[in-house]
Amino acid sequence: MKTRSSFGKKRERAGLLFVAPSMLILIVFVFVPLLISVAFSFFKFDMMFNNFKFLNLDNYTKLLSNSRFFNALWNTVYYTVCTVPLNIGLALIVAVLVKRQSWFARFCKSVFFIPAVCSMTVISIVWSFLINKDIGVFSYWMQVLGFNTVDLLNSPTWAMPTVILVGIWKNFGFYMVILLAGLNGIDESYYEAAEIDGASGLRKFWGITVPMLMPTLSFTIVNCIIGSFQVFDQVYIMTKGGPLFRTQTLVQLIYSTAFESFDMGYASTIAVALFVITFTVSVLTFKHLTRDEDSLA
Amino acid sequence: MRRRILSAGIVMVLLLTMVLSACSANSEDTKGATAASSSEKTEEPSSEKTVVTFWNGFTGSDQATLEALVDEYNQTNDKNIEVEMSIMPWDSLYQKLSTVLPVGEGPDMVAMATERIGTYAEPGAFVDVSDAYTTGIIDESVVPGALQENLKYNGTYYGVPMNFATLLLYYNKTIFEEAGLDPESPPTNWDELEQYAQQIVDNTDCYGFDMAVKETTPMWCIMLWGNGGDIIEDGKAVFNSEENIETITRWAENIRDKKFGPEVLTGGEIDKLFESQKLGMYFCGPWATGGFEDVGIDFGVAQAPEGPVQQVTQANAVGMYLTSSSKQKEAVYDFFSWWNSAETQVKWSLGTGFPPARTDLENDERLAENPYIELFSKPANESQMYLQQLTNFAEIDNQAIVPAFEKILLEGADVKTALDEANEQIEALLE
């Protein structure tokens with residue numbers, strides 16, 4: 001008994017030491033700014049951080065009656081609802097297809113992963129040029145094939161789908177790699193047993209692959225949701241929130257409020273709202289997905 | 001047991017390395033800006049160089065001229081002042097400033113468009129420089145009229161001139177010929193402009209004429225002013241005036257319905273369109289001449305076509321400002337004075353094609369070397385500046401004016417309704 005508890009305490013101390021550097025970084029760069037942001041959300045002050053004025057809950061009432069906030073929230077939800085299923089779905093299908101060991105599969109793995117490690121800024125700039133109606137290569141090919149070209153980024157209907165497409169193009173490789181790791185963890189014997197019973201490819205996929213992959217899938221889905229709620233880079237580069245604020249997402253709104261209107265207090269309020277929304281959605285999704293897993297086991 | 005000590009030891013070393021590198025990174029940051037100066041210091045240990053930091057956004061073809069001039073100042077000034085310049089894209093500049101100015105780590109001098117003075121002067125990020133004018137460091141009598149008022153905020157001087165530019169009508173002579181137009185006679189009024197653009201659209205597969213709507217030096221205002229309208233007058237919003245409705249209806253039809261050009265473009269996009277020789281005519285400033293010449297475009301520049309009420313064009317200016325972070329006011333003033341001297345202005349003009357920011361150089365024969373200077377200087381007295389003297393210029397532009405144009409051009413919205421809505425927003429923002 002005695003040896004067990006002192007042994008356990010030593011392991012605990014070693015564990016804490018290992019975690020300490022990361023915890024320090026998290027506290028200094030994440031938790032402290034978070035708390036300061038929450039504090040700021042109750043004030044109004046100018047660019048030079050002077051003239052602090054305590055506003056009680058005024059910033060929050062302003063938020064709840066501001067159409068621009070709800071527009072940004074709707075755009076962000078639109079983005080997330082489209083991106084998450086498409087991103088994860090595509091990543092899953094591709095992961096299943098490149099699971100084999102052929103050189104082509106390995107080549108595909110690398111190619112699909114490369115956008116994930118590139119800078120989103122660079123990718124957004126390049127895509128903006130490619131799809132430009134007048135001087136873009138894609139538009140040129142469309143014209144050669146006899147189609148009419150559309151100014152995608154200035155179209156109130158097509159701007160958001162374009163931004164979504166670029167987001168998926170960049171990120172699905174990252175999720176593919178994670179799902180691949182999860183797939184490799186599924187025991188082959190399950191598939192063999194199913195084959196003996198005469199199960200088709202699709203049946204094997206839905207009956208074995210997806211349920212066994214649930215832990216990894218839940219992680220990637222929640223990760224994708226959080227990332228989608230915070231979309232900013234490609235919006236800022238490609239459309240700056242336009243046209244007519246149709247692609248203005250919550251982070252883009254925060255940026256514009258903070259660095260265009262220099263109202264840091266209200267920007268902090270929106271940021272706090274974003275945090276609450278993202279946190280709630282992530283926790284609920286995770287609980288829902290992992291509860292399913294338990295019922296399966 | 002030994003393994004445990006070893007692991008703990010490795011962790012402590014890693015932790016220590018991180019902490020130390022974080023600390024040194026901090027001190028490196030504050031020293032980084034003056035790293036060049038400290039190396040200068042070791043070269044000349046006996047002298048006390050005053051280093052003045054200067055941030056601006058001249059990333060275009062004028063960057064080379066600017067850097068050469070600043071080098072010249074550093075070599076020739078007798079007060080041992082060294083100007084350390086950081087050039088970055090304008091929107092990076094604005095973002096960086098908002099993080100460094102509040103903590104006093106900003107540059108000594110910064111240059112930016114005069115319409116932004118209010119945004120920085122109001123909270124005290126820029127310092128009052130009236131004494132530069134009263135003590136003759138800047139000769140007030142030779143500052144262009146359109147510029148003088150706009151270097152002030154609430155009647156006090158906050159900036160000194162850096163450059164002054166006007167927009168002219170650039171036109172592609174090759175496209176003119178292809179369309180059957182005389183390449184040496186650009187349009188002189190709105191009717192001719194419409195005719196020529198229509199001819200280009202009919203006879204070639206290029207666009208005729210267009211104006212950028214967002215992220216650009218303002219172009220639509222030239223049409224608004226040409227018909228006697230304006231956006232803000234005497235502190236009141238007049239965006240939805242009868243004249244403006246008429247102007248915008250006419251030109252929106254031209255661009256959107258008669259397909260003179262793509263509906264909504266950014267400044268960068270319209271420049272690229274002209275550069276790839278797909279656009280016949282558009283408004284632009286002197287900064288583009290070098291680039292277009294390098295690409296081999298056969299183009300000309302003409303005065304802005306006369307509108308029904310007046311011939312007018314847009315003037316824009318960049319000023320230099322002393323920031324609240326600076327402790328080197330005298331050194332900064334010395335550079336201000338040198339930059340605005342006649343000799344420097346002549347060199348700056350010749351190198352960039354910008355008109356000089358001094359009114360007494362109009363007939364200076366040295367300027368004849370660059371023919372664009374005379375053309376761009378000509379409308380100095382018939383030009384207006386856009387949305388000056390405000391503290392929230394960016395908000396008004398981005399949240400009221402640009403969306404109004406987008407609604408009209410992209411969605412075919414009724415002009416009067418869109419302008420009424422925008423006008424209300426401008427009124428709200430002006431309070």
# chains A, B, ... in the order shown; residues from 1 in each chain; ligands from 1

call {"tool": "residues_around", "arguments": {"residues": "B:Lys272", "least_positions_apart": "6", "cutoff": "10 Å", "atoms": "only C-alpha atoms", "output": "PyMOL selection string"}}
result
(chain A and resi 134-135) or (chain B and resi 266+278-279)

call {"tool": "closest_atom_pairs", "arguments": {"of": "chain A", "to": "chain B", "cutoff": "8 Å", "atoms": "only C-alpha atoms", "output": "JSON lines"}}
result
{"residue": "A:Ala14", "atom": "CA", "partner": "B:Ala8", "partner_atom": "CA", "distance": 6.8}
{"residue": "A:Leu17", "atom": "CA", "partner": "B:Val11", "partner_atom": "CA", "distance": 7.0}
{"residue": "A:Phe18", "atom": "CA", "partner": "B:Val11", "partner_atom": "CA", "distance": 6.3}
{"residue": "A:Pro21", "atom": "CA", "partner": "B:Leu15", "partner_atom": "CA", "distance": 6.0}
{"residue": "A:Asp46", "atom": "CA", "partner": "B:Pro123", "partner_atom": "CA", "distance": 6.4}
{"residue": "A:Met47", "atom": "CA", "partner": "B:Pro123", "partner_atom": "CA", "distance": 6.4}
{"residue": "A:Met48", "atom": "CA", "partner": "B:Pro102", "partner_atom": "CA", "distance": 4.2}
{"residue": "A:Phe49", "atom": "CA", "partner": "B:Pro102", "partner_atom": "CA", "distance": 6.1}
{"residue": "A:Asn50", "atom": "CA", "partner": "B:Pro123", "partner_atom": "CA", "distance": 7.7}
{"residue": "A:Asp134", "atom": "CA", "partner": "B:Leu273", "partner_atom": "CA", "distance": 7.5}
{"residue": "A:Ile135", "atom": "CA", "partner": "B:Leu273", "partner_atom": "CA", "distance": 7.5}
{"residue": "A:Asn154", "atom": "CA", "partner": "B:Val264", "partner_atom": "CA", "distance": 6.9}
{"residue": "A:Ser155", "atom": "CA", "partner": "B:Leu410", "partner_atom": "CA", "distance": 7.2}
{"residue": "A:Pro156", "atom": "CA", "partner": "B:Leu410", "partner_atom": "CA", "distance": 7.9}
{"residue": "A:Pro243", "atom": "CA", "partner": "B:Glu406", "partner_atom": "CA", "distance": 6.8}
{"residue": "A:Leu244", "atom": "CA", "partner": "B:Pro403", "partner_atom": "CA", "distance": 5.3}
{"residue": "A:Phe259", "atom": "CA", "partner": "B:Gln95", "partner_atom": "CA", "distance": 6.7}
{"residue": "A:Glu260", "atom": "CA", "partner": "B:Ala394", "partner_atom": "CA", "distance": 6.2}
{"residue": "A:Ser261", "atom": "CA", "partner": "B:Glu395", "partner_atom": "CA", "distance": 6.0}

call {"tool": "write_last_selection", "arguments": {"atoms": "N, CA and C atoms", "output": "compact mmCIF listing (two decimals), in the first residue's frame"}}
result
# COMPACT_ATOMS: atom_id res chain seq x y z
N ALA A 14 6.18 13.85 -11.80
CA ALA A 14 6.86 13.84 -13.10
C ALA A 14 5.90 14.29 -14.19
N LEU A 17 5.50 18.03 -14.15
CA LEU A 17 6.68 18.69 -14.70
C LEU A 17 6.65 18.71 -16.22
N PHE A 18 6.25 17.57 -16.79
CA PHE A 18 6.21 17.49 -18.26
C PHE A 18 5.15 18.43 -18.84
N PRO A 21 5.53 23.24 -18.96
CA PRO A 21 5.84 24.23 -20.01
C PRO A 21 4.61 24.58 -20.85
N ASP A 46 -10.53 54.21 -26.32
CA ASP A 46 -10.05 54.60 -27.65
C ASP A 46 -8.79 53.83 -28.05
N MET A 47 -8.29 54.14 -29.23
CA MET A 47 -7.18 53.43 -29.82
C MET A 47 -5.95 53.40 -28.94
N MET A 48 -5.74 54.48 -28.18
CA MET A 48 -4.53 54.55 -27.35
C MET A 48 -4.78 53.96 -25.96
N PHE A 49 -5.86 53.20 -25.81
CA PHE A 49 -6.21 52.60 -24.52
C PHE A 49 -6.37 53.65 -23.43
N ASN A 50 -6.88 54.80 -23.82
CA ASN A 50 -7.20 55.84 -22.82
C ASN A 50 -8.70 56.00 -22.75
N ASP A 134 -11.71 37.95 -65.31
CA ASP A 134 -11.11 38.49 -66.53
C ASP A 134 -9.70 37.99 -66.80
N ILE A 135 -8.94 37.78 -65.75
CA ILE A 135 -7.55 37.41 -66.01
C ILE A 135 -7.18 36.07 -65.39
N ASN A 154 -17.51 38.48 -56.37
CA ASN A 154 -18.34 39.66 -56.22
C ASN A 154 -19.82 39.33 -56.33
N SER A 155 -20.12 38.03 -56.43
CA SER A 155 -21.51 37.64 -56.53
C SER A 155 -22.06 37.39 -55.14
N PRO A 156 -23.13 38.08 -54.76
CA PRO A 156 -23.68 37.85 -53.43
C PRO A 156 -24.06 36.40 -53.18
N PRO A 243 -19.31 40.45 -50.91
CA PRO A 243 -19.97 41.71 -51.20
C PRO A 243 -21.18 41.92 -50.33
N LEU A 244 -21.40 43.15 -49.94
CA LEU A 244 -22.57 43.46 -49.12
C LEU A 244 -22.61 42.61 -47.85
N PHE A 259 -10.12 46.98 -35.72
CA PHE A 259 -9.05 47.66 -36.43
C PHE A 259 -9.52 48.66 -37.47
N GLU A 260 -10.82 48.70 -37.74
CA GLU A 260 -11.32 49.72 -38.65
C GLU A 260 -12.05 50.79 -37.86
N SER A 261 -12.91 50.33 -36.95
CA SER A 261 -13.67 51.26 -36.13
C SER A 261 -12.97 51.56 -34.81

call {"tool": "residues_around", "arguments": {"residues": "stretch 347-352 of chain B", "least_positions_apart": "5", "cutoff": "12 Å", "atoms": "only C-alpha atoms", "output": "PyMOL selection string"}}
result
chain B and resi 58+60-70+72+162-165+285-291+338-342+357-358+361-362+364-374+376-377

call {"tool": "write_last_selection", "arguments": {"atoms": "C-alpha atoms", "output": "PDB file, in the first residue's frame"}}
result
ATOM      1  CA  PHE B  58       5.258  53.105 -50.481  1.00  0.00           C
ATOM      2  CA  GLY B  60       5.006  50.432 -55.453  1.00  0.00           C
ATOM      3  CA  SER B  61       7.282  51.721 -58.164  1.00  0.00           C
ATOM      4  CA  ASP B  62       8.001  54.799 -56.036  1.00  0.00           C
ATOM      5  CA  GLN B  63       9.779  52.739 -53.396  1.00  0.00           C
ATOM      6  CA  ALA B  64      13.149  52.939 -55.149  1.00  0.00           C
ATOM      7  CA  THR B  65      13.064  56.730 -55.394  1.00  0.00           C
ATOM      8  CA  LEU B  66      12.020  57.064 -51.756  1.00  0.00           C
ATOM      9  CA  GLU B  67      14.780  54.783 -50.526  1.00  0.00           C
ATOM     10  CA  ALA B  68      17.387  56.618 -52.606  1.00  0.00           C
ATOM     11  CA  LEU B  69      16.285  59.962 -51.196  1.00  0.00           C
ATOM     12  CA  VAL B  70      16.348  58.748 -47.598  1.00  0.00           C
ATOM     13  CA  GLU B  72      20.914  60.689 -49.501  1.00  0.00           C
ATOM     14  CA  MET B 162       4.967  64.264 -48.116  1.00  0.00           C
ATOM     15  CA  ASN B 163       3.377  63.891 -51.493  1.00  0.00           C
ATOM     16  CA  PHE B 164       0.459  65.231 -53.427  1.00  0.00           C
ATOM     17  CA  ALA B 165      -1.172  63.497 -56.364  1.00  0.00           C
ATOM     18  CA  GLY B 285      -2.639  58.472 -60.158  1.00  0.00           C
ATOM     19  CA  PRO B 286       0.963  59.158 -61.166  1.00  0.00           C
ATOM     20  CA  TRP B 287       2.244  56.082 -59.332  1.00  0.00           C
ATOM     21  CA  ALA B 288       1.216  53.770 -62.178  1.00  0.00           C
ATOM     22  CA  THR B 289       3.127  55.355 -65.048  1.00  0.00           C
ATOM     23  CA  GLY B 290       6.402  53.560 -64.343  1.00  0.00           C
ATOM     24  CA  GLY B 291       4.802  50.142 -64.069  1.00  0.00           C
ATOM     25  CA  TRP B 338      14.679  68.565 -45.796  1.00  0.00           C
ATOM     26  CA  TRP B 339      11.926  66.547 -47.453  1.00  0.00           C
ATOM     27  CA  ASN B 340       9.909  69.681 -48.219  1.00  0.00           C
ATOM     28  CA  SER B 341      12.834  71.653 -49.580  1.00  0.00           C
ATOM     29  CA  ALA B 342      12.705  72.587 -53.246  1.00  0.00           C
ATOM     30  CA  ALA B 357       4.113  69.243 -52.911  1.00  0.00           C
ATOM     31  CA  ARG B 358       5.172  72.863 -53.347  1.00  0.00           C
ATOM     32  CA  LEU B 361       7.962  74.793 -58.538  1.00  0.00           C
ATOM     33  CA  GLU B 362       5.332  74.972 -61.261  1.00  0.00           C
ATOM     34  CA  ASP B 364      10.850  74.866 -62.684  1.00  0.00           C
ATOM     35  CA  GLU B 365      12.693  73.733 -65.792  1.00  0.00           C
ATOM     36  CA  ARG B 366      14.236  70.742 -64.037  1.00  0.00           C
ATOM     37  CA  LEU B 367      10.771  69.212 -63.875  1.00  0.00           C
ATOM     38  CA  ALA B 368      10.389  69.281 -67.642  1.00  0.00           C
ATOM     39  CA  GLU B 369      12.456  66.124 -67.830  1.00  0.00           C
ATOM     40  CA  ASN B 370       9.475  64.013 -66.742  1.00  0.00           C
ATOM     41  CA  PRO B 371       6.467  65.017 -68.893  1.00  0.00           C
ATOM     42  CA  TYR B 372       3.990  63.417 -66.510  1.00  0.00           C
ATOM     43  CA  ILE B 373       4.773  65.952 -63.788  1.00  0.00           C
ATOM     44  CA  GLU B 374       3.246  68.832 -65.695  1.00  0.00           C
ATOM     45  CA  PHE B 376      -0.509  65.630 -63.086  1.00  0.00           C
ATOM     46  CA  SER B 377       0.184  69.101 -61.630  1.00  0.00           C
TER      47      SER B 377
END

call {"tool": "closest_atom_pairs", "arguments": {"of": "stretch 116-170 of chain A", "to": "stretch 82-97 of chain A", "cutoff": "9 Å", "atoms": "only C-alpha atoms", "output": "JSON lines"}}
result
{"residue": "A:Pro161", "atom": "CA", "partner": "A:Cys82", "partner_atom": "CA", "distance": 8.6}
{"residue": "A:Ile164", "atom": "CA", "partner": "A:Thr83", "partner_atom": "CA", "distance": 6.3}
{"residue": "A:Leu165", "atom": "CA", "partner": "A:Thr83", "partner_atom": "CA", "distance": 8.1}
{"residue": "A:Gly167", "atom": "CA", "partner": "A:Thr83", "partner_atom": "CA", "distance": 7.6}
{"residue": "A:Ile168", "atom": "CA", "partner": "A:Asn87", "partner_atom": "CA", "distance": 5.5}
{"residue": "A:Trp169", "atom": "CA", "partner": "A:Asn87", "partner_atom": "CA", "distance": 8.3}

call {"tool": "closest_residue", "arguments": {"among": "A:Phe107, A:Phe7, A:Phe232, A:Tyr255", "to": "A:Thr121", "atoms": "only C-alpha atoms"}}
result
A:Phe232

call {"tool": "residues_around", "arguments": {"residues": "stretch 27-33 of chain A", "least_positions_apart": "4", "cutoff": "12 Å", "atoms": "only C-alpha atoms", "output": "list in words"}}
result
Ala20, Pro21, Ser22, Met23, Ser37, Val38, Ala39, Phe40, Ser268, Ala271 and Val272 of chain A; Ala22 of chain B

call {"tool": "atom_distance", "arguments": {"atom1": "atom CA of A:Leu250", "atom2": "atom CA of A:Ala72"}}
result
5.0 Å

call {"tool": "atom_distance", "arguments": {"atom1": "atom CA of B:Asp182", "atom2": "atom CA of B:Glu253"}}
result
25.4 Å

call {"tool": "select_by_dssp", "arguments": {"residues": "stretch 81-213 of chain A", "states": "helix (DSSP H, G or I)", "output": "PyMOL selection string"}}
result
chain A and resi 81-97+103-117+120-130+137-144+152-154+159-184+188-196+201-213

call {"tool": "write_last_selection", "arguments": {"atoms": "C-alpha atoms", "output": "short mmCIF file (atom, residue, chain, number, x, y, z; two decimals), in the first residue's frame"}}
result
data_model
loop_
_atom_site.label_atom_id
_atom_site.label_comp_id
_atom_site.auth_asym_id
_atom_site.auth_seq_id
_atom_site.Cartn_x
_atom_site.Cartn_y
_atom_site.Cartn_z
CA VAL A 81 -22.79 23.67 -41.73
CA CYS A 82 -21.43 23.37 -45.27
CA THR A 83 -17.77 22.91 -44.46
CA VAL A 84 -17.86 20.32 -41.68
CA PRO A 85 -19.81 17.53 -43.45
CA LEU A 86 -18.07 18.13 -46.78
CA ASN A 87 -14.61 18.39 -45.23
CA ILE A 88 -14.91 15.34 -43.01
CA GLY A 89 -16.90 13.37 -45.55
CA LEU A 90 -14.33 14.00 -48.26
CA ALA A 91 -11.48 13.30 -45.85
CA LEU A 92 -13.08 10.00 -44.81
CA ILE A 93 -13.78 8.77 -48.34
CA VAL A 94 -10.28 9.71 -49.51
CA ALA A 95 -8.74 8.11 -46.41
CA VAL A 96 -10.54 4.84 -47.12
CA LEU A 97 -9.41 4.96 -50.75
CA TRP A 103 2.78 3.97 -54.68
CA PHE A 104 -0.16 5.83 -56.17
CA ALA A 105 -1.93 5.85 -52.81
CA ARG A 106 1.19 7.15 -51.11
CA PHE A 107 1.58 9.81 -53.80
CA CYS A 108 -2.02 10.88 -53.29
CA LYS A 109 -1.55 11.09 -49.52
CA SER A 110 1.33 13.55 -49.93
CA VAL A 111 -0.42 15.60 -52.58
CA PHE A 112 -3.61 15.95 -50.58
CA PHE A 113 -1.72 16.87 -47.43
CA ILE A 114 0.41 19.62 -48.99
CA PRO A 115 -2.28 22.36 -48.95
CA ALA A 116 -2.77 21.72 -45.25
CA VAL A 117 0.77 22.81 -44.49
CA MET A 120 -3.89 30.03 -46.01
CA THR A 121 -2.99 33.58 -46.99
CA VAL A 122 -0.93 32.43 -49.95
CA ILE A 123 -3.56 29.90 -50.99
CA SER A 124 -6.30 32.54 -50.85
CA ILE A 125 -4.30 34.96 -52.97
CA VAL A 126 -3.52 32.30 -55.56
CA TRP A 127 -7.15 31.13 -55.73
CA SER A 128 -8.33 34.74 -56.09
CA PHE A 129 -6.21 35.08 -59.17
CA LEU A 130 -7.15 31.69 -60.59
CA VAL A 137 -6.68 30.79 -65.76
CA PHE A 138 -9.83 28.89 -64.77
CA SER A 139 -11.98 31.57 -66.39
CA TYR A 140 -9.88 31.29 -69.54
CA TRP A 141 -10.44 27.54 -69.75
CA MET A 142 -14.16 28.01 -69.13
CA GLN A 143 -14.31 30.44 -72.02
CA VAL A 144 -12.37 28.06 -74.26
CA LEU A 152 -17.57 34.61 -58.26
CA LEU A 153 -16.09 36.71 -55.49
CA ASN A 154 -18.34 39.66 -56.22
CA ALA A 159 -18.99 34.41 -52.83
CA MET A 160 -19.59 32.26 -49.76
CA PRO A 161 -19.59 28.91 -51.63
CA THR A 162 -16.26 29.95 -53.17
CA VAL A 163 -14.80 30.74 -49.77
CA ILE A 164 -16.12 27.42 -48.47
CA LEU A 165 -14.54 25.59 -51.39
CA VAL A 166 -11.13 27.11 -50.73
CA GLY A 167 -11.42 26.21 -47.06
CA ILE A 168 -12.25 22.60 -47.85
CA TRP A 169 -9.53 22.34 -50.50
CA LYS A 170 -6.94 23.42 -48.01
CA ASN A 171 -7.98 21.50 -44.94
CA PHE A 172 -9.34 18.13 -45.95
CA GLY A 173 -5.81 16.72 -46.28
CA PHE A 174 -5.18 17.38 -42.62
CA TYR A 175 -8.30 15.49 -41.53
CA MET A 176 -7.53 12.74 -44.05
CA VAL A 177 -4.25 12.05 -42.30
CA ILE A 178 -5.87 11.88 -38.88
CA LEU A 179 -8.65 9.58 -40.11
CA LEU A 180 -6.07 7.41 -41.85
CA ALA A 181 -4.35 6.88 -38.53
CA GLY A 182 -7.70 5.95 -37.04
CA LEU A 183 -8.47 3.57 -39.90
CA ASN A 184 -5.17 1.78 -39.46
CA GLU A 188 -8.57 -6.47 -40.12
CA SER A 189 -10.38 -9.46 -38.60
CA TYR A 190 -13.62 -7.50 -38.46
CA TYR A 191 -13.52 -7.01 -42.21
CA GLU A 192 -12.60 -10.62 -42.83
CA ALA A 193 -15.51 -11.82 -40.73
CA ALA A 194 -17.86 -9.50 -42.60
CA GLU A 195 -16.60 -10.74 -45.97
CA ILE A 196 -17.25 -14.32 -44.96
CA GLY A 201 -18.18 -2.75 -49.52
CA LEU A 202 -20.77 -0.19 -48.53
CA ARG A 203 -22.16 -2.40 -45.77
CA LYS A 204 -18.64 -2.91 -44.39
CA PHE A 205 -18.11 0.84 -44.46
CA TRP A 206 -21.24 1.77 -42.55
CA GLY A 207 -21.27 -1.29 -40.30
CA ILE A 208 -17.62 -1.52 -39.30
CA THR A 209 -15.53 1.44 -40.40
CA VAL A 210 -17.69 4.30 -39.23
CA PRO A 211 -18.64 2.94 -35.79
CA MET A 212 -15.06 1.81 -35.04
CA LEU A 213 -13.76 5.19 -36.18
#

call {"tool": "residues_around", "arguments": {"residues": "B:Ala132", "least_positions_apart": "6", "cutoff": "9 Å", "atoms": "only C-alpha atoms", "output": "mmCIF file with C-alpha atoms, in the first residue's frame"}}
result
data_model
loop_
_atom_site.group_PDB
_atom_site.id
_atom_site.type_symbol
_atom_site.label_atom_id
_atom_site.label_comp_id
_atom_site.auth_asym_id
_atom_site.auth_seq_id
_atom_site.Cartn_x
_atom_site.Cartn_y
_atom_site.Cartn_z
ATOM 1 C CA ILE B 138 7.697 74.155 -43.272
ATOM 2 C CA ASP B 139 6.956 77.126 -45.515
ATOM 3 C CA TYR B 157 -1.717 71.142 -37.900
ATOM 4 C CA VAL B 160 3.475 68.044 -43.027
ATOM 5 C CA TYR B 333 11.535 68.155 -37.842
ATOM 6 C CA PHE B 336 10.450 67.171 -42.458
ATOM 7 C CA SER B 337 12.218 70.338 -43.480
#

call {"tool": "closest_residue", "arguments": {"among": "A:Tyr60, A:Phe219, A:Tyr78, A:Phe43", "to": "A:Leu289", "atoms": "only C-alpha atoms"}}
result
A:Phe219

call {"tool": "closest_residue", "arguments": {"among": "A:Arg246, A:Tyr266, A:Thr149, A:His288", "to": "A:Asp58", "atoms": "only C-alpha atoms"}}
result
A:Tyr266

call {"tool": "closest_residue", "arguments": {"among": "B:Asp210, B:Glu192, B:Asp397, B:Asp234", "to": "B:Arg256", "atoms": "only C-alpha atoms"}}
result
B:Asp210

call {"tool": "closest_residue", "arguments": {"among": "B:Pro356, B:Gly57, B:Pro187, B:Pro107", "to": "B:Lys329", "atoms": "only C-alpha atoms"}}
result
B:Pro107
